[in-house]
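Here the structure comes first, spelled out in structure tokens, and everything after it is commentary.
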Amino acid sequence: MGKFNAALMLPNPMTPNKAIVFNESKCTGCNKCIDVCRADVLHPNPEKGKPPIVLYPDECWFAGCCVGACPIEGACIMTAPLQQSVAWKRKDTGEFFRLGMKNPPPANTKPPVV
Ligand code: SF4
Ligand code: SF4
């Protein structure tokens, strides 16, 4: 095949958010996560036993099917975009919090105002 006839598959540019990351020390490269991904975000690694390649991160729907299908906990990690993380603001101080942040405030134990 000539130099300019080769078909290449290259990842599209990553958004600031990494949709899916793999823990190389846990992943066995079984590709079950690829089988369930309806958006074809993931691609098999040409190296057997290695984690899949996140080929089209911008196409991810963030439904987490890949995480659910993975037989090894912590091998496939999905991070929802910041805009989709639940957020709340303390009325009296204006402090802003997001779900999953470090040192979140204690839970609100006050009954809801009706
Ligand atoms: S969250 Fe859904 S769309 Fe995104 S990589 Fe996993 S299975 Fe594919
Ligand atoms: S992340 Fe899980 S499901 Fe995907 S290839 Fe690795 S071990 Fe298999």
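Residue numbers start at 1 in each chain; chains themselves are named A, B, ... in the order of the structure tokens; ligands are numbered from 1 in the order shown.
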With a distance cut-off of 7 Å and only C-alpha atoms, select the neighbouring residues of range 28-42 of chain A, excluding the residue or stretch itself and same-chain residues fewer than 4 positions from it, and output the selection as a list in words. Lys48, Gly49, Lys50, Pro51, Pro52, Ile53, Val54, Leu55, Tyr56, Pro57, Glu59, Cys60, Cys65, Cys66, Val67, Ala69 and Cys70 of chain A
How would the residues just chosen look if you wrote them out with N, CA and C atoms as a PDB file, in the first residue's frame?
```
ATOM      1  N   LYS A  48      -2.781  -6.709  22.340  1.00  0.00           N
ATOM      2  CA  LYS A  48      -3.658  -7.597  23.105  1.00  0.00           C
ATOM      3  C   LYS A  48      -3.426  -7.447  24.618  1.00  0.00           C
ATOM      4  N   GLY A  49      -4.538  -7.414  25.365  1.00  0.00           N
ATOM      5  CA  GLY A  49      -4.431  -7.313  26.812  1.00  0.00           C
ATOM      6  C   GLY A  49      -4.326  -5.891  27.329  1.00  0.00           C
ATOM      7  N   LYS A  50      -4.259  -4.934  26.423  1.00  0.00           N
ATOM      8  CA  LYS A  50      -4.142  -3.524  26.829  1.00  0.00           C
ATOM      9  C   LYS A  50      -5.521  -2.866  26.830  1.00  0.00           C
ATOM     10  N   PRO A  51      -5.706  -1.781  27.588  1.00  0.00           N
ATOM     11  CA  PRO A  51      -7.010  -1.098  27.641  1.00  0.00           C
ATOM     12  C   PRO A  51      -7.418  -0.551  26.274  1.00  0.00           C
ATOM     13  N   PRO A  52      -8.743  -0.459  26.049  1.00  0.00           N
ATOM     14  CA  PRO A  52      -9.224   0.103  24.792  1.00  0.00           C
ATOM     15  C   PRO A  52      -8.727   1.535  24.590  1.00  0.00           C
ATOM     16  N   ILE A  53      -8.843   1.981  23.365  1.00  0.00           N
ATOM     17  CA  ILE A  53      -8.464   3.361  23.032  1.00  0.00           C
ATOM     18  C   ILE A  53      -9.736   4.190  22.995  1.00  0.00           C
ATOM     19  N   VAL A  54      -9.712   5.325  23.654  1.00  0.00           N
ATOM     20  CA  VAL A  54     -10.866   6.235  23.631  1.00  0.00           C
ATOM     21  C   VAL A  54     -10.737   7.057  22.350  1.00  0.00           C
ATOM     22  N   LEU A  55     -11.370   6.563  21.306  1.00  0.00           N
ATOM     23  CA  LEU A  55     -11.157   7.152  19.984  1.00  0.00           C
ATOM     24  C   LEU A  55     -11.997   8.404  19.745  1.00  0.00           C
ATOM     25  N   TYR A  56     -13.243   8.374  20.213  1.00  0.00           N
ATOM     26  CA  TYR A  56     -14.125   9.529  19.980  1.00  0.00           C
ATOM     27  C   TYR A  56     -14.749  10.018  21.295  1.00  0.00           C
ATOM     28  N   PRO A  57     -13.938  10.605  22.170  1.00  0.00           N
ATOM     29  CA  PRO A  57     -14.461  11.018  23.484  1.00  0.00           C
ATOM     30  C   PRO A  57     -15.603  12.024  23.388  1.00  0.00           C
ATOM     31  N   GLU A  59     -18.026  11.969  21.504  1.00  0.00           N
ATOM     32  CA  GLU A  59     -19.292  11.318  21.159  1.00  0.00           C
ATOM     33  C   GLU A  59     -19.921  10.624  22.362  1.00  0.00           C
ATOM     34  N   CYS A  60     -19.249  10.658  23.506  1.00  0.00           N
ATOM     35  CA  CYS A  60     -19.731   9.920  24.681  1.00  0.00           C
ATOM     36  C   CYS A  60     -21.055  10.483  25.188  1.00  0.00           C
ATOM     37  N   CYS A  65     -22.600   2.744  30.443  1.00  0.00           N
ATOM     38  CA  CYS A  65     -22.768   1.316  30.097  1.00  0.00           C
ATOM     39  C   CYS A  65     -21.425   0.590  30.127  1.00  0.00           C
ATOM     40  N   CYS A  66     -20.386   1.282  29.692  1.00  0.00           N
ATOM     41  CA  CYS A  66     -19.057   0.660  29.662  1.00  0.00           C
ATOM     42  C   CYS A  66     -18.602   0.324  31.090  1.00  0.00           C
ATOM     43  N   VAL A  67     -18.851   1.231  32.008  1.00  0.00           N
ATOM     44  CA  VAL A  67     -18.458   0.999  33.412  1.00  0.00           C
ATOM     45  C   VAL A  67     -19.262  -0.174  33.974  1.00  0.00           C
ATOM     46  N   ALA A  69     -20.570  -2.669  32.358  1.00  0.00           N
ATOM     47  CA  ALA A  69     -20.251  -3.955  31.712  1.00  0.00           C
ATOM     48  C   ALA A  69     -18.877  -4.480  32.111  1.00  0.00           C
ATOM     49  N   CYS A  70     -18.066  -3.615  32.672  1.00  0.00           N
ATOM     50  CA  CYS A  70     -16.698  -4.027  33.024  1.00  0.00           C
ATOM     51  C   CYS A  70     -16.719  -4.975  34.226  1.00  0.00           C
TER      52      CYS A  70
END
```
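Residues of chain A that DSSP places in alpha helix (DSSP H), based on the backbone of this structure, are Lys32, Cys33, Ile34, Asp35, Val36, Cys65, Cys66, Val67, Gly68 and Ala69 of chain A.
Residues in contact with range 104-111 of chain A at 12 Å, where only C-alpha atoms are counted and same-chain residues fewer than 2 positions away are skipped, are listed as A:Ala87, A:Trp88, A:Lys89, A:Arg90, A:Glu95, A:Phe96, A:Phe97, A:Arg98, A:Leu99, A:Gly100, A:Met101, A:Lys102, A:Val113, A:Val114.
Proximity to Thr79 in chain A was assessed for A:Asp92, A:Leu10, A:His43, A:Ala63 counting only C-alpha atoms; the smallest distance is recorded for A:Ala63.
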Could you tell me which of A:Pro71, A:Gly64, A:Pro44, A:Pro81 comes closest to ligand 1 if we count only C-alpha atoms and all ligand atoms? A:Gly64
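For range 28-82 of chain A, the set of residues given strand (DSSP E) by DSSP on the backbone reads Leu42, His43, Ile53, Val54, Cys76, Ile77 and Met78 of chain A.
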Write the selection just made, keeping C-alpha atoms, as an mmCIF file, in the first residue's frame?
```cif
data_model
loop_
_atom_site.group_PDB
_atom_site.id
_atom_site.type_symbol
_atom_site.label_atom_id
_atom_site.label_comp_id
_atom_site.auth_asym_id
_atom_site.auth_seq_id
_atom_site.Cartn_x
_atom_site.Cartn_y
_atom_site.Cartn_z
ATOM 1 C CA LEU A 42 -14.027 3.061 22.273
ATOM 2 C CA HIS A 43 -11.789 1.050 19.980
ATOM 3 C CA ILE A 53 -8.464 3.361 23.032
ATOM 4 C CA VAL A 54 -10.866 6.235 23.631
ATOM 5 C CA CYS A 76 -13.080 1.689 33.517
ATOM 6 C CA ILE A 77 -13.804 5.124 34.982
ATOM 7 C CA MET A 78 -16.314 7.610 33.610
#
```
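Counting only C-alpha atoms and all ligand atoms, the residue from A:Ile72, A:Trp61, A:Lys91, A:Asn103 that sits nearest to ligand 1 is A:Trp61.
Here CA of Gln83 in chain A is placed at a distance of 28.9 Å from CA of Lys26 in chain A.
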For the atom pair CA of Gly68 in chain A and CA of Asn45 in chain A, what is the interatomic distance in Å to one decimal place? 19.8 Å
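In this comparison, which uses only C-alpha atoms and all ligand atoms, the residue of A:Asp58, A:Gly74, A:Met9, A:Glu47 approaching ligand 2 most closely is A:Gly74.
Between ligand 2 and the candidates A:Val86, A:Glu24, A:Pro46, A:Phe62, the tightest atom-to-atom separation, counting only C-alpha atoms and all ligand atoms, involves A:Glu24.
Pairwise distance (CA of Ser25 in chain A, CA of Ser85 in chain A) equals 27.5 Å.
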